[in-house]
Every structure is written in structure tokens, then in C-alpha cells.
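Asker: Okay, so here is input-v4.cif, and as you'll see once you scroll down, it has mmCIF, C-alpha atoms and all ligand atoms; chains and numbers go by the auth columns.
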```
data_entry
loop_
_atom_site.group_PDB
_atom_site.id
_atom_site.type_symbol
_atom_site.label_atom_id
_atom_site.label_comp_id
_atom_site.label_asym_id
_atom_site.label_seq_id
_atom_site.Cartn_x
_atom_site.Cartn_y
_atom_site.Cartn_z
_atom_site.B_iso_or_equiv
_atom_site.auth_seq_id
_atom_site.auth_asym_id
ATOM 1 C CA MET A 1 33.825 2.262 0.520 0.00 125 A
ATOM 2 C CA ILE A 2 31.903 5.538 0.162 0.00 126 A
ATOM 3 C CA ASN A 3 28.643 4.555 -1.531 0.00 127 A
ATOM 4 C CA ASP A 4 30.404 1.970 -3.606 0.00 128 A
ATOM 5 C CA ASP A 5 29.777 2.249 -7.353 0.00 129 A
ATOM 6 C CA LEU A 6 26.582 4.310 -7.166 0.00 130 A
ATOM 7 C CA PRO A 7 26.948 7.967 -8.217 0.00 131 A
ATOM 8 C CA PRO A 8 26.916 10.641 -5.504 0.00 132 A
ATOM 9 C CA GLN A 9 23.688 12.060 -6.967 0.00 133 A
ATOM 10 C CA ALA A 10 21.925 8.839 -5.946 0.00 134 A
ATOM 11 C CA PHE A 11 22.249 9.918 -2.329 0.00 135 A
ATOM 12 C CA THR A 12 21.167 13.531 -2.558 0.00 136 A
ATOM 13 C CA LYS A 13 17.960 14.691 -0.851 0.00 137 A
ATOM 14 C CA GLN A 14 15.490 17.406 -1.799 0.00 138 A
ATOM 15 C CA ASP A 15 15.938 18.821 1.705 0.00 139 A
ATOM 16 C CA GLU A 16 19.670 18.966 2.405 0.00 140 A
ATOM 17 C CA GLY A 17 19.017 20.845 5.663 0.00 141 A
ATOM 18 C CA ASP A 18 20.258 19.527 8.991 0.00 142 A
ATOM 19 C CA ASP A 19 18.611 16.170 9.794 0.00 143 A
ATOM 20 C CA LEU A 20 18.808 16.686 13.553 0.00 144 A
ATOM 21 C CA ALA A 21 16.862 19.937 13.134 0.00 145 A
ATOM 22 C CA PHE A 22 14.260 18.110 11.007 0.00 146 A
ATOM 23 C CA TYR A 23 13.810 15.479 13.734 0.00 147 A
ATOM 24 C CA ALA A 24 13.882 17.977 16.636 0.00 148 A
ATOM 25 C CA PRO A 25 10.074 17.983 17.108 0.00 149 A
ATOM 26 C CA PRO A 26 9.130 14.603 18.631 0.00 150 A
ATOM 27 C CA ARG A 27 6.836 12.515 16.439 0.00 151 A
ATOM 28 C CA LEU A 28 5.029 10.114 18.749 0.00 152 A
ATOM 29 C CA VAL A 29 3.068 8.651 15.837 0.00 153 A
ATOM 30 C CA ALA A 30 2.833 5.317 14.026 0.00 154 A
ATOM 31 C CA HIS A 31 4.743 5.400 10.731 0.00 155 A
ATOM 32 C CA ILE A 32 3.062 2.194 9.488 0.00 156 A
ATOM 33 C CA ASP A 33 -0.436 0.869 10.179 0.00 157 A
ATOM 34 C CA ASP A 34 -1.528 -1.739 12.735 0.00 158 A
ATOM 35 C CA CYS A 35 -1.513 -4.647 10.254 0.00 159 A
ATOM 36 C CA ALA A 36 2.020 -3.909 9.075 0.00 160 A
ATOM 37 C CA ILE A 37 3.188 -3.537 12.688 0.00 161 A
ATOM 38 C CA ALA A 38 1.525 -6.837 13.639 0.00 162 A
ATOM 39 C CA ALA A 39 3.264 -8.600 10.748 0.00 163 A
ATOM 40 C CA LEU A 40 6.652 -7.193 11.767 0.00 164 A
ATOM 41 C CA THR A 41 6.141 -8.030 15.449 0.00 165 A
ATOM 42 C CA SER A 42 5.169 -11.575 14.522 0.00 166 A
ATOM 43 C CA PHE A 43 8.326 -11.906 12.408 0.00 167 A
ATOM 44 C CA TYR A 44 10.448 -10.618 15.292 0.00 168 A
ATOM 45 C CA ARG A 45 8.729 -13.074 17.674 0.00 169 A
ATOM 46 C CA HIS A 46 9.823 -15.999 15.527 0.00 170 A
ATOM 47 C CA ARG A 47 13.225 -14.741 14.401 0.00 171 A
ATOM 48 C CA LEU A 48 14.690 -13.140 17.555 0.00 172 A
ATOM 49 C CA PRO A 49 15.630 -15.539 20.338 0.00 173 A
ATOM 50 C CA THR A 50 14.514 -14.691 23.870 0.00 174 A
ATOM 51 C CA GLY A 51 17.482 -13.306 25.744 0.00 175 A
ATOM 52 C CA ALA A 52 19.122 -11.824 22.646 0.00 176 A
ATOM 53 C CA ARG A 53 21.091 -8.577 22.718 0.00 177 A
ATOM 54 C CA LEU A 54 19.492 -6.193 20.206 0.00 178 A
ATOM 55 C CA LEU A 55 20.199 -2.878 18.505 0.00 179 A
ATOM 56 C CA ASP A 56 17.175 -0.981 17.163 0.00 180 A
ATOM 57 C CA LEU A 57 18.767 1.323 14.597 0.00 181 A
ATOM 58 C CA MET A 58 16.826 4.432 13.453 0.00 182 A
ATOM 59 C CA SER A 59 14.382 3.931 16.292 0.00 183 A
ATOM 60 C CA SER A 60 11.737 6.077 17.873 0.00 184 A
ATOM 61 C CA TRP A 61 9.188 5.609 20.682 0.00 185 A
ATOM 62 C CA VAL A 62 8.325 2.090 19.448 0.00 186 A
ATOM 63 C CA SER A 63 10.516 -0.876 18.516 0.00 187 A
ATOM 64 C CA HIS A 64 7.682 -3.238 17.461 0.00 188 A
ATOM 65 C CA LEU A 65 9.117 -6.027 19.633 0.00 189 A
ATOM 66 C CA PRO A 66 6.640 -8.614 20.962 0.00 190 A
ATOM 67 C CA ASP A 67 5.344 -7.843 24.475 0.00 191 A
ATOM 68 C CA ASP A 68 5.479 -11.520 25.381 0.00 192 A
ATOM 69 C CA ARG A 69 9.223 -11.833 24.821 0.00 193 A
ATOM 70 C CA SER A 70 12.083 -10.476 26.868 0.00 194 A
ATOM 71 C CA TYR A 71 15.545 -9.684 25.619 0.00 195 A
ATOM 72 C CA ALA A 72 18.807 -9.415 27.508 0.00 196 A
ATOM 73 C CA HIS A 73 19.588 -5.854 26.444 0.00 197 A
ATOM 74 C CA VAL A 74 18.052 -3.532 23.864 0.00 198 A
ATOM 75 C CA VAL A 75 20.015 -0.506 22.646 0.00 199 A
ATOM 76 C CA GLY A 76 18.157 2.114 20.644 0.00 200 A
ATOM 77 C CA HIS A 77 19.583 4.595 18.182 0.00 201 A
ATOM 78 C CA GLY A 78 17.561 7.538 16.919 0.00 202 A
ATOM 79 C CA MET A 79 17.400 11.248 16.263 0.00 203 A
ATOM 80 C CA ASN A 80 15.124 12.516 19.010 0.00 204 A
ATOM 81 C CA VAL A 81 15.667 12.302 22.775 0.00 205 A
ATOM 82 C CA GLU A 82 11.973 12.541 23.719 0.00 206 A
ATOM 83 C CA GLU A 83 11.028 9.728 21.319 0.00 207 A
ATOM 84 C CA LEU A 84 13.763 7.442 22.652 0.00 208 A
ATOM 85 C CA LEU A 85 12.917 8.280 26.297 0.00 209 A
ATOM 86 C CA ALA A 86 9.307 7.237 25.578 0.00 210 A
ATOM 87 C CA ASN A 87 10.336 3.837 24.143 0.00 211 A
ATOM 88 C CA PRO A 88 9.635 1.242 26.873 0.00 212 A
ATOM 89 C CA ARG A 89 11.772 -1.467 25.253 0.00 213 A
ATOM 90 C CA LEU A 90 15.090 0.359 25.348 0.00 214 A
ATOM 91 C CA ASP A 91 17.624 -0.298 28.120 0.00 215 A
ATOM 92 C CA GLN A 92 19.997 2.275 26.672 0.00 216 A
ATOM 93 C CA TRP A 93 19.907 4.677 23.740 0.00 217 A
ATOM 94 C CA PHE A 94 21.908 7.279 21.854 0.00 218 A
ATOM 95 C CA VAL A 95 21.245 10.015 19.304 0.00 219 A
ATOM 96 C CA GLN A 96 23.436 10.230 16.222 0.00 220 A
ATOM 97 C CA ASP A 97 23.070 11.602 12.686 0.00 221 A
ATOM 98 C CA LEU A 98 24.359 8.702 10.589 0.00 222 A
ATOM 99 C CA ASN A 99 24.570 10.918 7.503 0.00 223 A
ATOM 100 C CA VAL A 100 27.179 13.009 9.308 0.00 224 A
ATOM 101 C CA ARG A 101 28.938 10.220 11.226 0.00 225 A
ATOM 102 C CA PRO A 102 28.246 6.636 10.113 0.00 226 A
ATOM 103 C CA THR A 103 30.507 4.956 12.668 0.00 227 A
ATOM 104 C CA MET A 104 29.044 4.171 16.082 0.00 228 A
ATOM 105 C CA ALA A 105 30.649 3.892 19.532 0.00 229 A
ATOM 106 C CA LEU A 106 29.539 0.282 19.921 0.00 230 A
ATOM 107 C CA ALA A 107 31.720 -2.753 20.604 0.00 231 A
ATOM 108 C CA ASP A 108 32.501 -5.380 17.989 0.00 232 A
ATOM 109 C CA GLN A 109 30.024 -8.278 18.049 0.00 233 A
ATOM 110 C CA ALA A 110 27.910 -6.573 20.722 0.00 234 A
ATOM 111 C CA PHE A 111 24.556 -7.735 19.310 0.00 235 A
ATOM 112 C CA ASN A 112 22.781 -10.938 18.326 0.00 236 A
ATOM 113 C CA ALA A 113 20.526 -9.020 15.924 0.00 237 A
ATOM 114 C CA VAL A 114 20.110 -5.495 14.560 0.00 238 A
ATOM 115 C CA LEU A 115 16.725 -4.065 13.495 0.00 239 A
ATOM 116 C CA CYS A 116 15.965 -1.074 11.285 0.00 240 A
ATOM 117 C CA CYS A 117 12.307 -0.254 10.665 0.00 241 A
ATOM 118 C CA VAL A 118 11.240 2.284 8.019 0.00 242 A
ATOM 119 C CA GLY A 119 14.425 4.343 8.191 0.00 243 A
ATOM 120 C CA VAL A 120 16.793 2.953 5.546 0.00 244 A
ATOM 121 C CA GLN A 121 15.544 5.350 2.850 0.00 245 A
ATOM 122 C CA TYR A 122 17.118 8.279 4.719 0.00 246 A
ATOM 123 C CA LEU A 123 20.684 6.921 4.727 0.00 247 A
ATOM 124 C CA GLN A 124 23.073 8.899 2.541 0.00 248 A
ATOM 125 C CA ARG A 125 26.083 6.709 3.423 0.00 249 A
ATOM 126 C CA PRO A 126 24.423 3.281 3.540 0.00 250 A
ATOM 127 C CA PHE A 127 27.476 1.175 2.739 0.00 251 A
ATOM 128 C CA GLU A 128 29.392 2.643 5.648 0.00 252 A
ATOM 129 C CA VAL A 129 26.434 2.233 8.007 0.00 253 A
ATOM 130 C CA PHE A 130 25.777 -1.356 6.905 0.00 254 A
ATOM 131 C CA ALA A 131 29.457 -2.269 7.335 0.00 255 A
ATOM 132 C CA GLU A 132 29.310 -0.734 10.789 0.00 256 A
ATOM 133 C CA VAL A 133 26.193 -2.749 11.643 0.00 257 A
ATOM 134 C CA ARG A 134 27.967 -5.901 10.518 0.00 258 A
ATOM 135 C CA ARG A 135 30.912 -5.076 12.781 0.00 259 A
ATOM 136 C CA THR A 136 28.599 -4.882 15.790 0.00 260 A
ATOM 137 C CA LEU A 137 26.888 -8.223 15.049 0.00 261 A
ATOM 138 C CA VAL A 138 27.991 -11.662 16.145 0.00 262 A
ATOM 139 C CA PRO A 139 28.909 -13.946 13.212 0.00 263 A
ATOM 140 C CA ASP A 140 25.696 -14.967 11.406 0.00 264 A
ATOM 141 C CA GLY A 141 23.632 -12.497 13.441 0.00 265 A
ATOM 142 C CA PRO A 142 20.750 -11.075 11.357 0.00 266 A
ATOM 143 C CA PHE A 143 20.271 -7.486 10.223 0.00 267 A
ATOM 144 C CA ILE A 144 16.528 -7.043 9.619 0.00 268 A
ATOM 145 C CA VAL A 145 15.654 -3.986 7.517 0.00 269 A
ATOM 146 C CA SER A 146 11.969 -3.259 6.949 0.00 270 A
ATOM 147 C CA TYR A 147 10.309 -0.654 4.765 0.00 271 A
ATOM 148 C CA SER A 148 6.926 0.411 3.438 0.00 272 A
ATOM 149 C CA ASN A 149 5.712 2.802 0.749 0.00 273 A
ATOM 150 C CA ARG A 150 5.538 5.794 3.071 0.00 274 A
ATOM 151 C CA CYS A 151 8.333 8.201 3.936 0.00 275 A
ATOM 152 C CA PHE A 152 9.244 11.841 4.376 0.00 276 A
ATOM 153 C CA PRO A 153 9.954 12.309 0.623 0.00 277 A
ATOM 154 C CA THR A 154 12.109 15.413 0.984 0.00 278 A
ATOM 155 C CA LYS A 155 14.464 13.474 3.275 0.00 279 A
ATOM 156 C CA ALA A 156 14.596 10.190 1.305 0.00 280 A
ATOM 157 C CA VAL A 157 17.636 9.732 -0.947 0.00 281 A
ATOM 158 C CA ALA A 158 17.098 10.292 -4.668 0.00 282 A
ATOM 159 C CA ILE A 159 17.637 6.686 -5.725 0.00 283 A
ATOM 160 C CA TRP A 160 14.985 5.469 -3.265 0.00 284 A
ATOM 161 C CA ARG A 161 12.355 7.752 -4.781 0.00 285 A
ATOM 162 C CA THR A 162 12.970 6.435 -8.309 0.00 286 A
ATOM 163 C CA LEU A 163 12.547 2.744 -7.453 0.00 287 A
ATOM 164 C CA SER A 164 9.554 0.400 -7.146 0.00 288 A
ATOM 165 C CA MET A 165 9.176 -1.494 -3.862 0.00 289 A
ATOM 166 C CA LYS A 166 10.607 -4.595 -5.543 0.00 290 A
ATOM 167 C CA ASP A 167 13.660 -2.668 -6.704 0.00 291 A
ATOM 168 C CA GLN A 168 14.026 -1.091 -3.261 0.00 292 A
ATOM 169 C CA ALA A 169 14.498 -4.637 -1.928 0.00 293 A
ATOM 170 C CA SER A 170 17.274 -5.100 -4.518 0.00 294 A
ATOM 171 C CA LEU A 171 18.888 -1.832 -3.434 0.00 295 A
ATOM 172 C CA ILE A 172 18.918 -2.896 0.225 0.00 296 A
ATOM 173 C CA SER A 173 20.197 -6.343 -0.797 0.00 297 A
ATOM 174 C CA ASN A 174 22.997 -4.551 -2.644 0.00 298 A
ATOM 175 C CA TYR A 175 23.820 -2.544 0.494 0.00 299 A
ATOM 176 C CA MET A 176 23.923 -5.843 2.398 0.00 300 A
ATOM 177 C CA ASN A 177 25.967 -7.863 -0.086 0.00 301 A
ATOM 178 C CA ARG A 178 28.527 -5.119 -0.661 0.00 302 A
ATOM 179 C CA SER A 179 28.935 -4.728 3.102 0.00 303 A
ATOM 180 C CA GLY A 180 29.745 -8.399 3.615 0.00 304 A
ATOM 181 C CA PHE A 181 26.381 -9.815 4.716 0.00 305 A
ATOM 182 C CA HIS A 182 25.491 -13.257 3.394 0.00 306 A
ATOM 183 C CA ASP A 183 22.321 -15.260 2.733 0.00 307 A
ATOM 184 C CA VAL A 184 20.452 -12.036 1.983 0.00 308 A
ATOM 185 C CA GLU A 185 16.722 -12.557 1.422 0.00 309 A
ATOM 186 C CA ALA A 186 13.682 -10.333 0.930 0.00 310 A
ATOM 187 C CA HIS A 187 10.201 -11.237 2.173 0.00 311 A
ATOM 188 C CA VAL A 188 6.859 -9.508 1.771 0.00 312 A
ATOM 189 C CA LEU A 189 5.273 -9.418 5.251 0.00 313 A
ATOM 190 C CA ALA A 190 2.213 -7.391 4.200 0.00 314 A
ATOM 191 C CA ASP A 191 1.184 -7.144 0.542 0.00 315 A
ATOM 192 C CA GLY A 192 -0.569 -3.796 0.887 0.00 316 A
ATOM 193 C CA GLY A 193 -3.896 -5.186 -0.302 0.00 317 A
ATOM 194 C CA SER A 194 -5.784 -3.742 2.652 0.00 318 A
ATOM 195 C CA GLY A 195 -3.297 -1.415 4.314 0.00 319 A
ATOM 196 C CA ASP A 196 0.357 -0.483 4.359 0.00 320 A
ATOM 197 C CA PRO A 197 2.699 -2.879 2.565 0.00 321 A
ATOM 198 C CA LEU A 198 5.720 -4.099 4.487 0.00 322 A
ATOM 199 C CA VAL A 199 8.827 -5.748 3.075 0.00 323 A
ATOM 200 C CA ILE A 200 11.849 -6.955 4.996 0.00 324 A
ATOM 201 C CA VAL A 201 15.356 -7.610 3.755 0.00 325 A
ATOM 202 C CA ILE A 202 17.376 -9.798 6.069 0.00 326 A
ATOM 203 C CA GLY A 203 21.068 -10.594 5.821 0.00 327 A
ATOM 204 C CA LEU A 204 23.449 -12.463 8.098 0.00 328 A
ATOM 205 C CA ALA A 205 26.725 -10.973 9.359 0.00 329 A
HETATM 206 C C1 LIG B . 9.919 6.990 9.989 0.00 401 A
HETATM 207 S S1 LIG B . 10.943 7.046 11.415 0.00 401 A
HETATM 208 C C2 LIG B . 10.932 5.359 11.954 0.00 401 A
HETATM 209 C C3 LIG B . 11.072 5.237 13.430 0.00 401 A
HETATM 210 C C4 LIG B . 10.884 3.815 14.002 0.00 401 A
HETATM 211 N N1 LIG B . 11.926 2.922 13.516 0.00 401 A
HETATM 212 C C5 LIG B . 9.516 3.273 13.740 0.00 401 A
HETATM 213 O O1 LIG B . 9.411 2.128 13.256 0.00 401 A
HETATM 214 O O2 LIG B . 8.514 3.953 14.012 0.00 401 A
HETATM 215 C C6 LIG B . 12.530 7.242 10.678 0.00 401 A
HETATM 216 C C7 LIG B . 13.672 7.269 11.656 0.00 401 A
HETATM 217 O O3 LIG B . 14.882 7.303 10.929 0.00 401 A
HETATM 218 C C8 LIG B . 15.895 7.849 11.748 0.00 401 A
HETATM 219 N N2 LIG B . 16.705 8.775 10.947 0.00 401 A
HETATM 220 C C9 LIG B . 16.285 9.633 10.000 0.00 401 A
HETATM 221 N N3 LIG B . 17.317 10.364 9.505 0.00 401 A
HETATM 222 C C10 LIG B . 18.430 9.923 10.156 0.00 401 A
HETATM 223 C C11 LIG B . 19.799 10.278 10.106 0.00 401 A
HETATM 224 N N4 LIG B . 20.259 11.249 9.303 0.00 401 A
HETATM 225 N N5 LIG B . 20.655 9.616 10.926 0.00 401 A
HETATM 226 C C12 LIG B . 20.202 8.656 11.768 0.00 401 A
HETATM 227 N N6 LIG B . 18.910 8.272 11.850 0.00 401 A
HETATM 228 C C13 LIG B . 18.033 8.909 11.062 0.00 401 A
HETATM 229 C C14 LIG B . 15.211 8.512 12.936 0.00 401 A
HETATM 230 O O4 LIG B . 15.417 7.733 14.085 0.00 401 A
HETATM 231 C C15 LIG B . 13.739 8.481 12.558 0.00 401 A
HETATM 232 O O5 LIG B . 12.915 8.332 13.672 0.00 401 A
#
```
Would it be possible to restate this file's structure as C-alpha cells?
Answerer:
Amino acid sequence: MINDDLPPQAFTKQDEGDDLAFYAPPRLVAHIDDCAIAALTSFYRHRLPTGARLLDLMSSWVSHLPDDRSYAHVVGHGMNVEELLANPRLDQWFVQDLNVRPTMALADQAFNAVLCCVGVQYLQRPFEVFAEVRRTLVPDGPFIVSYSNRCFPTKAVAIWRTLSMKDQASLISNYMNRSGFHDVEAHVLADGGSGDPLVIVIGLA
């Protein structure tokens, strides 16, 4: 299942240099604005049960989880040690370039939910990564993928850069459906009228 029926060119990047080198300088910045973050945090507050075991895939120094909720265990995955060390919500974390190695040393059904905020556009082997996420989720556990209209363009895959935000939701839904997720839905959490837009695609394992 290597990128399914999409052509290899769909997953090329303008900058094919080493991703770990690109992410070596820590970026302790907000990648989406306060309104978009508030909308995502509110969604997490309602969708993630207190006490859940969570994986924050493609994380950084923030996970956007609500301060007034506690979770049993939060594992973070990212590309920069300093960013992950600065993230107060993570109980455990690891660094891994998913474009080099899409499988993760995580147990089957380890998580009640997996989150991925504004990172999906960088995945060059999304079908393998999504299948791996599904493996780590309990049955019917949600995978919540969020995205905006901002990215590091030289590192986003070619197909992402050609699509509208609506079609990007279809692309992520395709990643989900082809990887075995069910009840896949897209929701606009922020319409971008007065700030950054934010869309989520959610599918159940
Ligand atoms: C724009 S940041 C988003 C960080 C965080 N999720 C947030 O909401 O602020 C994109 C993230 O994608 C992840 N990423 C980028 N390229 C990657 C790769 N090749 N393999 C694994 N993760 C990658 C890194 O963790 C990076 O911090």
C-alpha cells in the first residue's frame, strides 16, 4: 500500500532535503492563530474523554489540549527534541521522520484517540502512516486531523499545493478511507472570515 493509486509525483516536495535537518532549529511559535487554536481546543474538549490515552502525532511545544481536562497518558511524536521537551502536556515523546520510516514502535490499540494538527501536508507516505495510526487505535477510536491554509510550502507534498481547502479535506478523507477508517467526516471549525481557517477530518478506527 505505497501511496495507493496516486502517482509518485503527487508526493514530491520542492525541498527534498533531509526533513530532520529542516526541523533542527526549534520553532517555539504558533502555527495557527488564537481563534483557530480556541476552536480546536474546544473540539478536543468535547470529543476527547477525560482519562483517555492520546497520541499527538506531528507535535511540537503545544498540543492544543484543554487545560481543564486531564488525560491518562499523552504521547507526543515530532521532529525536534527541544520543542517536545517544552510541551507541558506530553508524558512521553519520540522523534521520528515519518517520510523515512512510517511505522512506529507503539503497541497495537495503545490509544483512545490520535491527533494531528497542521502536519498532514508534509507526509510523503500518508497511506502507510494512516494505517499505522489505525493499528495503534482502539476499535472506533478517532483520528482527528486538522489543517489550515498555512504551511512551509517547500516541504508540503505537490498534491497538497494544487488543491483547494475543500479538496484537501477530500484528500485526507481518501487517506482515511483507504487505510480502513470508517465514518469519516470533515468539519469547518473556523471559516477564515476573521483569521486563520481551520478544518478537521475525523475518522474512526
Ligand atoms: C507546522 S508544525 C505543527 C506542530 C504542532 N502540531 C502544532 O500544532 O503547532 C508541523 C509538524 O509536522 C511534523 N513533521 C514535519 N515533517 C515531518 C516528517 N517528515 N516526519 C514526521 N513529522 C514531520 C513536525 O513535528 C512539525 O512540527
Asker: Residues at most 8 Å from Val257 in chain A, counting all atoms listed in the file, excluding those fewer than 3 positions away in the same chain, as a PyMOL selection string?
Answerer: chain A and resi 238+253-254+260-261+267
Asker: For a quick check of understanding, using only C-alpha atoms, which of A:Gln138, A:Asn236, A:Thr286, A:Ser303 has the smallest distance to Val262 in chain A?
Answerer: A:Asn236
Asker: Draw an axis-aligned box over all listed atoms of range 312-322 of chain A, pad each side with 4 Å, and write its centre and edge lengths in Å, one decimal, as lines of an AutoDock Vina configuration file.
Answerer:
```
center_x = 0.5
center_y = -5.0
center_z = 2.5
size_x = 20.6
size_y = 17.0
size_z = 13.6
```
Asker: Throw together the list of residues within 6 Å of ligand LIG 401 (chain A), counting only C-alpha atoms and all ligand atoms, and drop it here as a ChimeraX atom specification.
Answerer: /A:143,154-155,182-184,186,202-203,220-223,241-243,246
Asker: Please identify all polymer residues within 12 Å of Val205 in chain A, counting only C-alpha atoms, omitting same-chain residues fewer than 6 positions from it, and present them as a PyMOL selection string.
Answerer: chain A and resi 144+147-152+183-185+211+216-220
Asker: Let me make sure I understand: among A:Ala314, A:Val281, A:Asn273, A:Gly175, which one has the smallest atom-to-atom distance to Arg249 in chain A if we use all atoms listed in the file?
Answerer: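 Ranked by minimum distance to Arg249 in chain A, first place goes to A:Val281.
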Asker: List the residues matched by the PyMOL selection byres (((chain A and resi 234) around 12) and not hetatm) in the displayed structure as a PyMOL selection string, ordered by chain and then by residue number.
Answerer: chain A and resi 176-179+196-199+228-233+235-238+256-263+265
